[in-house]
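Written below as structure tokens is the structure these notes are about.
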Amino acid sequence: MLFNSFGFWMFFVVVLILYQQMKRRGQNVLLLVASYFFYGCWDWRFLGLIVLSTLIDYSVALGIAKAEADSRKRWLLFISMAANLGILAFFKYFGFFSHELGELLGAVGVPSMIPTLNIVLPVGISFYTFQTMSYTIDVYRGDCKATDNLLDFAVYVAFFPQLVAGPIERASKLLPQMLTDRKPTAVDFRDGLFLVISGMFRKVVIADNMAPLVNTIFAQDINTLSGWDVMLGTYAFAFQIYGDFSGYSAIARGISRWLGFDLMTNFHMPYFAVSPSDFWRRWHISLSQWLRDYLYIPLGGNRHGTLFTYRNLLLTMLLGGLWHGANWTFIVWGAIHGLLLCGYRLLGDERPEKENRPTFIQRIPQMVLMFHFVCFAWLFFRAESVTQAFGLLGQLSVWGAPSALAQTTFGMLVFFCVPLLLLEWWFDEKHDPLWLTQVRWEVRAAVYGYLILMMVFFPPPVPAEFIYFQF
Amino acid sequence: MSSETNSSPTVLRNELKVLGALVVMLLVVEGVLQLGESRLSIDIQHMKSFGQIAQQLQSQDEAASLAAERQNASTVQSASQILFLGNSMTRYGLDQESFERECSLTTGITPEVIALHPDNSRISEWYYLYRNFVAEQNRSPDILVVGFAMNQLCDAPSKTPDRIARYYGVGIDDLDTLSNEDLSNVEGWSDFVCSRYSATYATRQRVERRILSAIIPSYKESSNLINNQSAPKELQGDNVELTYRRLQDFLDMASEGGTQVVLVALPTQEGYDLDSGLVDVCRGKVTLIDARTIPGVSPDMIPDGLHLTPEGATRYSTFLADWLPVQQLMARHDRQLLHNGNAVRVASEGERVAQ
């Protein structure tokens with residue numbers, strides 16, 4: 001059930017109507033049933049995994065809260081980590097590693113006895129696994145109180161707006177909202193409306209209209225492509241993945257606001273980033289914060305000297321890449337971002353004080369440079385294989401008259417993406433991503449009118465699934 | 001630009017104003033498109049006039065009466081009606097004047113040609129078109145010529161259910177077929193209902209294409225490449241077993257009205273194989289004319305791969321007029337109508353009028 005489908009909105013309207021008639025307890029029961037139904041619409045078979053993950057972390061967290069000895073707490077945490085990562089590893093990485101190991105053994109002349117299984121990847125497994133793990137770790141660290149209410153915890157794990165593609169919410173932020181009364185206000189309605197309309201625009205108009213161009217360019221025989229095709233195809237993918245993922249996150253936040261929940265901001269105009277660290281403060285914020293808090297800092301962060309800091313940055317980003325999927329392209333993508341972070345750190349990457357922040361115009365050269373670094377990494381992320389990515393990079397040395405497809409891609413980028421960037425530039429100038437909710441209603445209506453007419457009149461040739469569902 | 005206060009009643013009032021403004025905007029757009037829908041494309045204009053075009057077809061009673069006349073007086077040369085059904089390949093391929101002239105020269109019969117050729121259509125659409133504008137209106141052409149290429153006659157859900165909803169005159173009678181063949185989920189049905197009642201929704205892809213072709217460089221050329229790339233792989237493969245259930249229903253429907261059906265495999269630049277399953281369906285039931293290669297029609301007369309140039313259209317139409325066994329089909333058509341007893345009933349009605 002996609003957010004940009006009629007089916008989802010019918011489902012949501014029914015849920016919302018029932019929700020408003022109920023008190024908190026009933027609302028949580030409804031949310032749990034609705035969330036399981038929502039997930040079941042993807043694949044009923046994997047509902048058991050969510051229930052299993054819920055039961056394990058609920059019990060382990062309670063055990064940790066009751067345990068007095070540190071060794072017992074550590075042991076319980078280990079059980080939770082092993083179970084969650086075990087499930088994730090089996091469904092997401094078993095095929096990849098068994099195949100790669102088989103190849104390696106074959107290369108040295110040892111016949112591989114490792115079974116290869118064709119495992120279906122459960123939708124959103126990386127998101128809810130990380131979310132449940134963060135709860136147990138927070139309870140272990142004492143950052144969050146273990147809940148003894150299984151229903152509330154189950155809703156926290158399976159909350160349908162963010163179940164399959166995030167944001168990856170921390171228990172310390174979302175769980176308390178499950179436990180308290182929720183009464184959506186007019187402000188929630190207003191902000192939710194903005195988030196839903198802008199999210200739908202990004203998904204339906206930007207991402208889905210870029211998708212066929214990107215798919216066509218990346219499916220061509222490499223030798224038929226010129227530098228124009230590769231460059232513009234990569235730009236188009238940059239906007240496709242941004243529109244797709246940030247659109248999903250915005251819709252998730254918007255519908256949550258209508259239900260009285262406040263989810264974290266997951267994207268903050270990432271292509272206006274001026275450095276790699278700035279980019280990761282703006283892109284998939286919930287994952288980058290998760291990796292920072294549960295991986296980078298436990299590895300030592302920047303506390304043990306320069307070399308260890310670089311090692312930790314690289315390891316974190318490599319695992320961040322691997323989180324996206326079992327493919328070398330994602331690992332290379334993570335490595336590129338890790339190297340960028342290290343490189344910028346080496347050059348003295350510092351965050352300017354708010355009052356010394358350069359103007360937007362002054363930041364343009366840095367933003368353009370950073371955007372191209374990001375696109376370089378996207379090329380690997382989108383390519384079918386590392387070989388293809390290098391092949392495409394090689395074509396960047398072949399320039400001539402732009403092909404018809406390159407011309408169209410350029411035109412589509414200007415037509416669809418420039419207005420989005422202008423809108424975001426406006427919000428950036430006001431230092432408020434929800435700035436539109438603060439302007440006169442006539443201005444808001446005019447902007448919404450534009451976004452809705454674009455959605456109505458520029459539907460994608462083929463509606464595409466959200467890219468991040470596969471992660 | 002003054003910012004708003006965040007007090008709840010003001011916020012709510014303003015959001016309601018925003019929603020009101022959006023509703024008004026959408027209503028205005030809908031009104032404009034309802035009025036100007038036909039101007040969006042020749043194809044929409046054509047689809048909106050399906051009913052009007054189909055009215056030119058004789059009713060089954062008239063057909064039977066003419067059949068009886070032809071049977072009783074061999075000198076009567078009443079014009080026979082030929083309905084051409086197809087898509088843009090037929091639109092570009094049929095040169096009506098050349099066809100009529102050639103028919104008249106070769107058979108002595110000057111047919112009345114009527115053509116229905118919505119773009120991007122295939123058997124999934126032709127079925128509803130024929131059913132709602134011809135069969136259910138008790139109309140029946142003497143001969144029905146269906147122009148197709150490649151797999152356009154095999155079973156597949158409609159790719160344009162929005163157009164079926166808006167222009168193909170579907171009603172409650174069609175719900176069964178729609179749900180079995182074309183609309184398999186909530187999304188399909190929702191699209192269908194929206195298109196049925198909203199010109200904005202139904203024509204949005206046309207508007208999109210018109211705007212993008214006007215402002216995006218090389219849009220049409222790239223679209224063809226993208227469409228080929230994103231075409232479902234199952235229809236591209238050679239090992240897929242094709243079925244013709246809907247074609248059979250279509251043929252049964254046409255023959256119930258006594259219409260003689262002719263299927264014509266149209267020429268394309270690259271050529272294609274005729275599926276043996278299709279040949280089996282046609283055997284003994286309908287006439288199948290193989291016009292995939294026509295003397296005098298060279299690949300350069302099909303510049304985009306599918307549509308004939310005017311010169312190619314003249315050659316194709318002349319070829320078709322030469323090869324279409326009009327007299328034989330008319331004889332079979334008359335026999336069938338008389339055999340069904342329609343003529344007798346019409347004749348007795350005729351006598352009553354005469355009295």
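Simple scheme: letters A, B, ... for chains in structure tokens order, numbers from 1 for residues in each chain, numbers from 1 for ligands in the order shown.
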Residues of chain A at most 9 Å from chain B: nearest atom pair and distance in Å, only C-alpha atoms, as a tab-separated table:
```
residue	atom	partner	partner_atom	distance
A:Ser5	CA	B:Glu187	CA	6.7
A:Phe6	CA	B:Glu187	CA	5.8
A:Gly7	CA	B:Val186	CA	6.0
A:Thr185	CA	B:Ser8	CA	7.2
A:Ala186	CA	B:Leu12	CA	5.3
A:Val187	CA	B:Val11	CA	6.5
A:Phe189	CA	B:Leu12	CA	8.1
A:Arg190	CA	B:Glu15	CA	6.3
A:Leu193	CA	B:Glu15	CA	8.9
A:Pro212	CA	B:Ile226	CA	6.4
A:Leu213	CA	B:Ile226	CA	6.9
A:Asn215	CA	B:Gln229	CA	8.0
A:Thr216	CA	B:Ile226	CA	5.9
A:Ile217	CA	B:Ile226	CA	9.0
A:Ala219	CA	B:Gln229	CA	8.0
A:Ser403	CA	B:Ser218	CA	8.8
A:Ala404	CA	B:Ser218	CA	5.2
A:Leu405	CA	B:Ser222	CA	5.1
A:Ala406	CA	B:Ser222	CA	8.7
A:Gln407	CA	B:Pro217	CA	5.7
A:Thr408	CA	B:Pro217	CA	5.4
A:Thr409	CA	B:Ile216	CA	8.6
A:Phe410	CA	B:Ile216	CA	8.4
A:Gly411	CA	B:Ile216	CA	5.1
A:Met412	CA	B:Ile216	CA	6.7
A:Phe415	CA	B:Ile216	CA	8.2
A:Thr437	CA	B:Glu4	CA	8.0
A:Gln438	CA	B:Ser3	CA	5.0
A:Val439	CA	B:Ser3	CA	4.5
A:Arg440	CA	B:Ser3	CA	5.9
A:Trp441	CA	B:Asn14	CA	5.9
A:Glu442	CA	B:Val18	CA	7.0
A:Arg444	CA	B:Val18	CA	7.1
A:Ala445	CA	B:Val18	CA	5.0
A:Ala446	CA	B:Leu22	CA	8.3
A:Tyr448	CA	B:Leu22	CA	7.6
A:Gly449	CA	B:Leu22	CA	6.1
A:Ile452	CA	B:Leu22	CA	8.6
A:Leu453	CA	B:Leu26	CA	8.3
A:Val456	CA	B:Arg204	CA	6.6
A:Phe457	CA	B:Arg204	CA	4.8
A:Phe458	CA	B:Glu208	CA	5.5
A:Pro459	CA	B:Gln205	CA	7.1
A:Pro461	CA	B:Gln205	CA	8.6
A:Val462	CA	B:Ser230	CA	8.5
```
Contact residues around Ile56 in chain A with only C-alpha atoms at 9 Å, ignoring same-chain residues under 3 positions, as an MDAnalysis selection string: chainID A and resid 51:53 59:61 79:80 83:84
Non-local contacts of range 99-101 of chain B (6 Å; only C-alpha atoms; under 3 positions in same chain excluded) as a list in words: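 Skipping anything fewer than 3 positions along the chain leaves Gln96, Ser104, Ser317, Thr318 and Ala321 of chain B.
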